[in-house]
file work_8.txt (compact mmCIF, C-alpha atoms)
# COMPACT_ATOMS: atom_id res chain seq x y z
CA ASN A 1436 -5.39 4.92 13.25
CA ASP A 1437 -2.72 7.62 13.30
CA ALA A 1438 0.23 8.44 15.55
CA PHE A 1439 1.92 11.84 15.35
CA SER A 1440 4.71 11.30 17.90
CA PHE A 1441 6.99 8.55 19.17
CA GLU A 1442 5.13 8.69 22.51
CA GLU A 1443 1.83 7.90 20.75
CA LEU A 1444 3.54 5.05 18.91
CA LYS A 1445 4.80 3.59 22.21
CA LYS A 1446 1.30 3.84 23.71
CA TRP A 1447 -0.03 1.92 20.69
CA GLU A 1448 2.53 -0.83 21.37
CA GLU A 1449 1.62 -0.88 25.08
CA ARG A 1450 -2.09 -1.28 24.28
CA ASN A 1451 -1.31 -4.20 21.98
CA ASN A 1452 1.00 -5.87 24.50
CA LYS A 1453 -1.80 -5.87 27.08
CA LEU A 1454 -3.94 -7.92 24.69
CA LEU A 1455 -1.20 -10.44 23.87
CA PRO A 1456 0.38 -13.26 25.92
CA GLU A 1457 3.42 -12.19 27.94
CA ASN A 1458 6.87 -12.36 26.31
CA ILE A 1459 5.44 -12.99 22.84
CA ASP A 1460 8.04 -12.18 20.20
CA PHE A 1461 7.21 -10.26 17.02
CA ASN A 1462 8.71 -7.81 14.51
CA TYR A 1463 7.35 -4.76 12.73
CA PHE A 1464 7.15 -4.25 8.98
CA VAL A 1465 7.30 -0.61 7.89
CA GLU A 1466 6.49 0.91 4.50
CA LEU A 1467 5.93 4.38 3.09
CA LYS A 1468 2.40 5.79 3.37
CA ILE A 1469 1.51 6.88 -0.16
CA ASP A 1470 -0.72 9.94 -0.46
CA GLY A 1471 -3.25 8.43 -2.86
CA LEU A 1472 -6.48 6.44 -3.06
CA ALA A 1473 -6.87 2.92 -1.63
CA ILE A 1474 -8.07 0.24 -4.05
CA LYS A 1475 -9.06 -3.41 -4.06
CA LEU A 1476 -8.30 -5.75 -6.99
CA VAL A 1477 -9.81 -9.19 -7.60
CA TYR A 1478 -8.24 -11.66 -10.04
CA GLU A 1479 -10.08 -14.79 -11.19
CA ASN A 1480 -8.06 -17.53 -12.89
CA GLY A 1481 -5.21 -15.06 -13.23
CA LEU A 1482 -7.22 -12.29 -14.94
CA LEU A 1483 -8.29 -8.96 -13.48
CA LYS A 1484 -12.02 -9.21 -12.81
CA ILE A 1485 -12.86 -6.32 -10.45
CA GLY A 1486 -11.15 -3.08 -9.49
CA SER A 1487 -12.82 -0.94 -6.86
CA THR A 1488 -12.14 1.83 -4.36
CA ARG A 1489 -11.90 0.69 -0.75
CA GLY A 1490 -14.79 2.97 0.26
CA ASP A 1491 -15.69 2.44 3.91
CA GLY A 1492 -13.72 -0.82 4.07
CA TYR A 1493 -16.76 -2.92 3.14
CA LEU A 1494 -18.34 -1.21 0.14
CA GLY A 1495 -16.52 0.76 -2.55
CA GLU A 1496 -17.12 2.03 -6.08
CA ASP A 1497 -16.60 -0.24 -9.09
CA VAL A 1498 -13.90 1.46 -11.18
CA THR A 1499 -12.73 -1.61 -13.13
CA GLN A 1500 -12.63 0.03 -16.57
CA ASN A 1501 -10.58 2.95 -15.25
CA ILE A 1502 -8.25 0.65 -13.27
CA LYS A 1503 -7.49 -1.20 -16.52
CA THR A 1504 -5.97 1.96 -18.01
CA ILE A 1505 -3.26 2.15 -15.33
CA GLU A 1506 -0.06 0.65 -16.69
CA ALA A 1507 1.29 -0.36 -13.26
CA ILE A 1508 -1.73 -2.64 -12.61
CA PRO A 1509 -1.46 -5.94 -14.50
CA LEU A 1510 -4.50 -7.10 -16.48
CA SER A 1511 -3.28 -10.65 -15.86
CA LEU A 1512 -0.86 -12.29 -13.46
CA LEU A 1513 2.50 -13.55 -14.73
CA PRO A 1514 2.59 -17.01 -16.39
CA ILE A 1515 2.35 -19.82 -13.84
CA GLU A 1516 5.85 -21.21 -14.49
CA GLU A 1517 7.35 -17.75 -14.07
CA ILE A 1518 5.47 -17.25 -10.79
CA ARG A 1519 6.71 -20.62 -9.50
CA GLU A 1520 10.31 -19.75 -10.39
CA ASN A 1521 9.99 -16.29 -8.79
CA LEU A 1522 8.59 -17.76 -5.56
CA LYS A 1523 11.39 -20.33 -5.37
CA LYS A 1524 14.06 -17.65 -5.95
CA GLU A 1525 12.64 -15.64 -3.04
CA GLY A 1526 12.96 -18.71 -0.83
CA LEU A 1527 9.21 -19.02 -0.22
CA GLY A 1528 8.12 -22.49 0.89
CA ASN A 1529 6.41 -25.29 -1.04
CA LYS A 1530 3.07 -24.48 0.60
CA ILE A 1531 3.07 -21.14 -1.24
CA VAL A 1532 4.63 -22.44 -4.49
CA ASP A 1533 2.10 -25.31 -4.72
CA ASN A 1534 -0.77 -22.83 -5.06
CA PHE A 1535 0.46 -22.50 -8.67
CA LYS A 1536 0.99 -26.18 -9.45
CA ASN A 1537 -1.12 -26.55 -12.59
CA SER A 1538 -3.34 -23.48 -12.59
CA TYR A 1539 -3.96 -20.18 -10.83
CA PRO A 1540 -6.00 -20.16 -7.62
CA PHE A 1541 -9.56 -19.32 -8.72
CA LYS A 1542 -9.61 -16.02 -6.83
CA ILE A 1543 -6.80 -13.77 -5.62
CA GLU A 1544 -7.69 -10.50 -3.86
CA VAL A 1545 -5.12 -7.77 -3.24
CA ARG A 1546 -5.16 -4.19 -1.96
CA GLY A 1547 -3.05 -1.23 -2.89
CA GLU A 1548 -2.89 2.46 -3.66
CA VAL A 1549 -3.41 4.51 -6.79
CA PHE A 1550 -1.50 7.79 -6.94
CA ILE A 1551 -0.15 10.38 -9.35
CA ASN A 1552 3.55 11.24 -9.31
CA LYS A 1553 4.81 14.77 -8.79
CA GLU A 1554 5.73 15.44 -12.43
CA ASN A 1555 2.38 14.27 -13.81
CA PHE A 1556 0.52 16.18 -11.08
CA THR A 1557 2.30 19.42 -12.10
CA LYS A 1558 1.56 18.79 -15.79
CA LEU A 1559 -2.09 18.04 -15.03
CA ASN A 1560 -2.57 21.30 -13.13
CA GLU A 1561 -0.75 23.28 -15.85
CA GLU A 1562 -3.15 21.81 -18.43
CA ARG A 1563 -6.15 22.64 -16.27
CA LYS A 1564 -4.90 26.19 -15.79
CA LYS A 1565 -4.65 26.65 -19.56
CA ASN A 1566 -8.24 25.42 -19.92
CA ASN A 1567 -9.50 27.68 -17.10
CA GLN A 1568 -10.43 24.64 -15.00
CA PRO A 1569 -10.11 24.54 -11.19
CA LEU A 1570 -6.74 23.19 -10.06
CA PHE A 1571 -6.37 20.07 -7.92
CA ALA A 1572 -5.33 21.00 -4.39
CA ASN A 1573 -3.04 17.98 -3.98
CA PRO A 1574 -2.02 14.68 -5.64
CA ARG A 1575 -4.49 12.68 -3.53
CA ASN A 1576 -7.45 14.69 -4.87
CA ALA A 1577 -6.04 14.38 -8.39
CA ALA A 1578 -5.73 10.58 -8.12
CA SER A 1579 -9.19 10.25 -6.58
CA GLY A 1580 -10.86 12.47 -9.20
CA SER A 1581 -9.02 10.76 -12.05
CA LEU A 1582 -10.00 7.24 -10.97
CA ARG A 1583 -13.67 8.22 -10.69
CA GLN A 1584 -13.97 9.65 -14.21
CA LEU A 1585 -16.94 8.40 -16.25
CA ASP A 1586 -14.70 8.22 -19.34
CA PRO A 1587 -11.76 5.77 -19.00
CA LYS A 1588 -9.90 7.74 -21.70
CA ILE A 1589 -9.60 10.69 -19.31
CA THR A 1590 -8.23 8.38 -16.60
CA ALA A 1591 -5.67 7.02 -19.07
CA GLU A 1592 -4.52 10.55 -19.98
CA ARG A 1593 -3.79 11.33 -16.30
CA LYS A 1594 -0.99 8.67 -16.18
CA LEU A 1595 -1.78 7.28 -12.75
CA ASP A 1596 0.57 4.91 -10.94
CA SER A 1597 0.03 2.20 -8.33
CA PHE A 1598 1.68 0.12 -5.61
CA VAL A 1599 0.09 -3.04 -4.22
CA TYR A 1600 0.85 -3.79 -0.57
CA ASP A 1601 -1.64 -6.30 0.85
CA LEU A 1602 -2.47 -9.90 -0.09
CA VAL A 1603 -5.95 -10.70 1.22
CA THR A 1604 -6.17 -14.25 -0.16
CA ASN A 1605 -4.47 -16.87 2.00
CA LEU A 1606 -1.68 -18.42 -0.10
CA GLY A 1607 0.20 -19.68 2.94
CA GLN A 1608 1.90 -16.38 3.83
CA GLN A 1609 2.88 -16.08 7.48
CA THR A 1610 4.18 -12.50 7.56
CA HIS A 1611 3.41 -9.18 5.91
CA GLU A 1612 6.95 -9.23 4.53
CA GLU A 1613 6.11 -12.49 2.72
CA GLU A 1614 2.99 -10.85 1.27
CA HIS A 1615 5.15 -8.18 -0.35
CA LEU A 1616 7.44 -10.85 -1.81
CA ILE A 1617 4.52 -12.91 -3.16
CA LEU A 1618 2.87 -9.85 -4.72
CA LYS A 1619 6.11 -8.99 -6.50
CA CYS A 1620 6.41 -12.60 -7.72
CA LEU A 1621 2.86 -12.45 -9.15
CA GLY A 1622 3.77 -9.40 -11.25
CA PHE A 1623 2.54 -6.52 -9.11
CA LYS A 1624 4.44 -3.28 -8.63
CA THR A 1625 5.36 -2.94 -4.96
CA ASN A 1626 7.04 -0.12 -3.07
CA PRO A 1627 10.78 -0.87 -2.80
CA HIS A 1628 11.18 1.28 0.33
CA THR A 1629 10.24 -1.08 3.16
CA LYS A 1630 11.98 -2.44 6.25
CA LYS A 1631 11.54 -5.20 8.81
CA CYS A 1632 12.20 -3.70 12.25
CA LYS A 1633 12.95 -5.46 15.53
CA ASN A 1634 11.62 -2.62 17.68
CA LEU A 1635 10.05 0.85 17.65
CA GLU A 1636 13.47 2.55 17.76
CA GLU A 1637 14.23 1.06 14.34
CA VAL A 1638 10.77 2.16 13.16
CA LEU A 1639 11.54 5.73 14.30
CA GLU A 1640 14.87 5.66 12.46
CA PHE A 1641 13.11 4.61 9.21
CA LYS A 1642 10.42 7.28 9.65
CA GLU A 1643 12.91 10.07 10.38
CA TYR A 1644 15.07 9.12 7.39
CA TRP A 1645 12.14 9.39 4.99
CA GLU A 1646 10.79 12.54 6.62
CA LYS A 1647 14.13 14.18 5.77
CA ASN A 1648 14.43 12.58 2.32
CA ARG A 1649 10.82 12.57 1.11
CA ASP A 1650 11.61 15.21 -1.55
CA LYS A 1651 13.91 12.72 -3.29
CA LEU A 1652 10.89 10.56 -4.15
CA ASP A 1653 8.87 11.20 -7.31
CA PHE A 1654 5.59 10.71 -5.40
CA GLU A 1655 4.09 12.24 -2.27
CA ILE A 1656 4.15 10.48 1.12
CA ASP A 1657 2.72 11.71 4.41
CA GLY A 1658 4.19 9.18 6.82
CA VAL A 1659 4.96 5.49 7.21
CA VAL A 1660 2.67 2.54 7.92
CA VAL A 1661 3.79 0.36 10.83
CA GLN A 1662 2.35 -3.16 10.99
CA ILE A 1663 3.01 -6.19 13.16
CA ASN A 1664 4.81 -8.46 10.72
CA GLU A 1665 3.53 -11.82 11.99
CA ASN A 1666 0.06 -12.40 10.50
CA ASP A 1667 -1.22 -14.68 13.28
CA ILE A 1668 -0.48 -12.01 15.92
CA PHE A 1669 -1.92 -9.28 13.67
CA GLU A 1670 -5.16 -11.28 13.28
CA LYS A 1671 -5.30 -12.08 17.01
CA LEU A 1672 -5.37 -8.36 17.85
CA GLY A 1673 -8.49 -7.87 15.70
CA ILE A 1674 -10.15 -4.69 14.46
CA VAL A 1675 -11.78 -1.70 16.15
CA GLY A 1676 -14.34 -0.13 13.80
CA LYS A 1677 -12.49 -0.39 10.49
CA ALA A 1678 -9.00 0.12 11.95
CA PRO A 1679 -6.84 -2.95 12.68
CA ARG A 1680 -5.16 -2.83 16.08
CA GLY A 1681 -1.99 -4.33 14.62
CA ALA A 1682 -1.23 -1.44 12.24
CA ILE A 1683 -0.85 2.31 12.63
CA ALA A 1684 0.07 5.26 10.41
CA PHE A 1685 3.06 7.11 11.87
CA LYS A 1686 2.51 10.53 10.30
CA PHE A 1687 5.07 13.19 9.42
CA SER A 1688 4.90 16.66 10.95
CA PRO A 1689 2.72 18.95 8.80
CA LYS A 1690 4.68 20.96 6.24
CA GLN A 1691 5.01 24.62 7.24
CA ALA A 1692 4.95 27.59 4.94
CA THR A 1693 4.59 31.37 5.15
CA THR A 1694 1.71 33.13 3.44
CA ILE A 1695 0.48 36.71 3.16
CA ILE A 1696 -3.13 37.35 4.23
call {"tool": "encode", "arguments": {"input": "work_8.txt", "output": "C-alpha cells"}}
result
Amino acid sequence: NDAFSFEELKKWEERNNKLLPENIDFNYFVELKIDGLAIKLVYENGLLKIGSTRGDGYLGEDVTQNIKTIEAIPLSLLPIEEIRENLKKEGLGNKIVDNFKNSYPFKIEVRGEVFINKENFTKLNEERKKNNQPLFANPRNAASGSLRQLDPKITAERKLDSFVYDLVTNLGQQTHEEEHLILKCLGFKTNPHTKKCKNLEEVLEFKEYWEKNRDKLDFEIDGVVVQINENDIFEKLGIVGKAPRGAIAFKFSPKQATTII
C-alpha cells in the first residue's frame, strides 16, 4: 500500500502496533522505490531457470529469454567458494554460509525490479521519434514494453537495468537487511541507497533527502519502500489482499509543471 504523508505513515505504524505484542522492538529498513517493472527470478543449482513478471503476485508472464539479455541479471550465481567468502566477509553466520557447503541449494527464488535509466530512456525515445513511432510516456512504460517484446534482440537493444531486493528462499536470513547482503554475495546487483532506521523520524529524513536529490540519480524513483526489518515480525503481520502489512511505499509529492492548454 501507499502513504503520501508522514501522518499516513504514522497511522500505518499504529495499525501494525495494535496487531503486535506490547513493547516489541523492531527496526525499519528503507530503500528507494524504483519506477520500473517487478520481476521474479528462479535459480536451480546456481543457474537461471525462470524469469517472469510479478503479475498479480501469484501469476506472471514468462519472460525468461528477454531477462537473459539484461546484463545486470546473472545467468548463474557466483562460484560457491566465492559466495562462501563473501558471506563470511559480511559477517553472516554459519547457518547461512553452510547453505553453500558443497553445492548450491537446489532452488533459490529472488524478486527485483527491471528499469531503464534516464540516458537510455532519452535515446530510446529519440530513436522512436526518428522512426515515427509513438514515444514512451515514462521509463516504467518503456521497461515494461521492452521486457514483453516477442524478440529478445529488441529487449537487448533497449539496455535495461535491474536491482534485486528480495530473497524469497529461506537461507537463514533473519532481517531484510541480511537479505540485501546475501543477494549481493550471490552476485546480484542491489541498490546501494538503503538505510536501517530506528524509527519513523529517521525514515522521513531518508525520504526527504532523496526527494530533494532524486535528480542526481541516473534512474527514476517515485518514493521509498519502508519495511519492518525483522522477518519474523514482518511474517507475523501477514498480508491483506496482495499487500503485506509490514511494508509500505512512502511516495514523493507529484512533480508539478506548467502547461499551455
call {"tool": "residues_around", "arguments": {"input": "work_8.txt", "residues": "segment 1662-1677 of chain A", "least_positions_apart": "3", "cutoff": "9 Å", "atoms": "all atoms listed in the file", "output": "list in words"}}
result
Asn1451, Leu1454, Leu1455, Phe1461, Asn1462, Tyr1463, Phe1464, Val1465, Glu1466, Asp1491, Gly1492, Tyr1493, Gln1608, Gln1609, Thr1610, His1611, Glu1612, Lys1631, Cys1632, Arg1680, Gly1681, Ala1682, Ile1683 and Ala1684 of chain A
call {"tool": "closest_residue", "arguments": {"input": "work_8.txt", "among": "A:Lys1588, A:Arg1575, A:Lys1468, A:Lys1524", "to": "Thr1504 of chain A", "atoms": "all atoms listed in the file"}}
result
A:Lys1588
call {"tool": "residues_around", "arguments": {"input": "work_8.txt", "residues": "Asn1521 of chain A", "least_positions_apart": "5", "cutoff": "9 Å", "atoms": "all atoms listed in the file", "output": "ChimeraX atom specification"}}
result
/A:1516,1526,1617,1619-1621
call {"tool": "closest_atom_pairs", "arguments": {"input": "work_8.txt", "of": "segment 1597-1685 of chain A", "to": "segment 1541-1548 of chain A", "cutoff": "7 Å", "atoms": "all atoms listed in the file", "output": "CSV"}}
result
residue,atom,partner,partner_atom,distance
A:Ser1597,CA,A:Glu1548,CA,5.5
A:Phe1598,CA,A:Glu1548,CA,5.5
A:Val1599,CA,A:Gly1547,CA,3.9
A:Tyr1600,CA,A:Gly1547,CA,5.2
A:Asp1601,CA,A:Arg1546,CA,5.0
A:Leu1602,CA,A:Val1545,CA,4.6
A:Val1603,CA,A:Glu1544,CA,5.4
A:Thr1604,CA,A:Glu1544,CA,5.5
call {"tool": "atom_distance", "arguments": {"input": "work_8.txt", "atom1": "atom CA of Ile1515 of chain A", "atom2": "atom CA of Ile1502 of chain A"}}
result
23.1 Å
call {"tool": "residues_around", "arguments": {"input": "work_8.txt", "residues": "Glu1646 of chain A", "least_positions_apart": "4", "cutoff": "9 Å", "atoms": "all atoms listed in the file", "output": "PyMOL selection string"}}
result
chain A and resi 1641-1642+1650+1656-1658+1687-1688
call {"tool": "closest_residue", "arguments": {"input": "work_8.txt", "among": "A:Val1638, A:Asn1567, A:Phe1654, A:His1615", "to": "Leu1522 of chain A", "atoms": "all atoms listed in the file"}}
result
A:His1615
call {"tool": "closest_residue", "arguments": {"input": "work_8.txt", "among": "A:Leu1582, A:Ile1531, A:Leu1483, A:Leu1444", "to": "Val1549 of chain A", "atoms": "only C-alpha atoms"}}
result
A:Leu1582
call {"tool": "closest_residue", "arguments": {"input": "work_8.txt", "among": "A:Leu1472, A:Leu1585, A:Ile1505, A:Leu1512", "to": "Thr1488 of chain A", "atoms": "all atoms listed in the file"}}
result
A:Leu1472
call {"tool": "residues_around", "arguments": {"input": "work_8.txt", "residues": "Gly1622 of chain A", "least_positions_apart": "6", "cutoff": "10 Å", "atoms": "only C-alpha atoms", "output": "NGL selection string"}}
result
:A and (1507-1509 or 1511-1514 or 1517-1518 or 1521)
call {"tool": "atom_distance", "arguments": {"input": "work_8.txt", "atom1": "atom CA of Gly1528 of chain A", "atom2": "atom CA of Leu1606 of chain A"}}
result
10.7 Å
call {"tool": "axis_aligned_box", "arguments": {"input": "work_8.txt", "around": "segment 1659-1676 of chain A", "padding_each_side": "3 Å", "output": "AutoDock Vina command-line options"}}
result
--center_x -4.7 --center_y -4.6 --center_z 12.5 --size_x 25.3 --size_y 26.2 --size_z 16.6
call {"tool": "residues_near_point", "arguments": {"input": "work_8.txt", "point": "(11.9, -2.7, -1.1)", "cutoff": "10 Å", "atoms": "all atoms listed in the file", "output": "PyMOL selection string"}}
result
chain A and resi 1466+1612+1615-1616+1625-1630
call {"tool": "atom_distance", "arguments": {"input": "work_8.txt", "atom1": "atom CA of Lys1530 of chain A", "atom2": "atom CA of Gly1607 of chain A"}}
result
6.1 Å
call {"tool": "closest_residue", "arguments": {"input": "work_8.txt", "among": "A:Ile1589, A:Leu1467, A:Ile1459, A:Leu1494", "to": "Trp1645 of chain A", "atoms": "all atoms listed in the file"}}
result
A:Leu1467
call {"tool": "decode", "arguments": {"input": "work_8.txt", "residues": "segment 1457-1474 of chain A", "atoms": "N, CA, C and O atoms", "output": "compact mmCIF listing (two decimals), in the first residue's frame"}}
result
# COMPACT_ATOMS: atom_id res chain seq x y z
N GLU A 1457 2.74 -5.98 23.01
CA GLU A 1457 3.18 -4.69 23.54
C GLU A 1457 4.69 -4.66 23.74
O GLU A 1457 5.31 -5.67 24.06
N ASN A 1458 5.27 -3.48 23.52
CA ASN A 1458 6.71 -3.23 23.75
C ASN A 1458 7.64 -4.09 22.89
O ASN A 1458 8.80 -4.31 23.25
N ILE A 1459 7.14 -4.63 21.80
CA ILE A 1459 8.01 -5.40 20.90
C ILE A 1459 8.94 -4.43 20.16
O ILE A 1459 8.52 -3.35 19.76
N ASP A 1460 10.19 -4.82 20.04
CA ASP A 1460 11.21 -3.92 19.49
C ASP A 1460 11.53 -4.32 18.06
O ASP A 1460 11.79 -5.50 17.79
N PHE A 1461 11.50 -3.37 17.14
CA PHE A 1461 11.89 -3.67 15.76
C PHE A 1461 12.42 -2.40 15.09
O PHE A 1461 12.21 -1.28 15.56
N ASN A 1462 13.13 -2.61 13.97
CA ASN A 1462 13.66 -1.51 13.16
C ASN A 1462 12.96 -1.49 11.81
O ASN A 1462 12.23 -2.42 11.47
N TYR A 1463 13.23 -0.43 11.06
CA TYR A 1463 12.74 -0.35 9.69
C TYR A 1463 13.93 -0.41 8.73
O TYR A 1463 15.02 0.06 9.05
N PHE A 1464 13.70 -0.99 7.56
CA PHE A 1464 14.70 -0.98 6.50
C PHE A 1464 14.09 -0.22 5.33
O PHE A 1464 12.98 -0.53 4.89
N VAL A 1465 14.79 0.80 4.86
CA VAL A 1465 14.24 1.68 3.83
C VAL A 1465 15.12 1.63 2.59
O VAL A 1465 16.35 1.65 2.68
N GLU A 1466 14.48 1.56 1.43
CA GLU A 1466 15.21 1.57 0.15
C GLU A 1466 14.43 2.40 -0.87
O GLU A 1466 13.24 2.67 -0.69
N LEU A 1467 15.11 2.80 -1.92
CA LEU A 1467 14.48 3.61 -2.95
C LEU A 1467 13.45 2.79 -3.72
O LEU A 1467 13.66 1.60 -3.99
N LYS A 1468 12.34 3.43 -4.08
CA LYS A 1468 11.30 2.75 -4.87
C LYS A 1468 11.55 3.05 -6.34
O LYS A 1468 11.30 4.15 -6.82
N ILE A 1469 12.09 2.07 -7.04
CA ILE A 1469 12.44 2.22 -8.45
C ILE A 1469 11.17 2.26 -9.30
O ILE A 1469 10.25 1.47 -9.09
N ASP A 1470 11.15 3.15 -10.28
CA ASP A 1470 9.99 3.25 -11.16
C ASP A 1470 10.20 2.31 -12.35
O ASP A 1470 10.63 2.72 -13.42
N GLY A 1471 9.92 1.03 -12.12
CA GLY A 1471 10.14 0.04 -13.17
C GLY A 1471 9.09 -1.06 -13.11
O GLY A 1471 7.95 -0.84 -12.73
N LEU A 1472 9.52 -2.27 -13.47
CA LEU A 1472 8.62 -3.43 -13.55
C LEU A 1472 9.13 -4.52 -12.61
O LEU A 1472 10.29 -4.92 -12.69
N ALA A 1473 8.27 -5.01 -11.73
CA ALA A 1473 8.66 -6.05 -10.76
C ALA A 1473 8.83 -7.39 -11.46
O ALA A 1473 8.04 -7.76 -12.34
N ILE A 1474 9.89 -8.11 -11.06
CA ILE A 1474 10.18 -9.42 -11.66
C ILE A 1474 10.46 -10.46 -10.58
O ILE A 1474 10.79 -10.13 -9.45
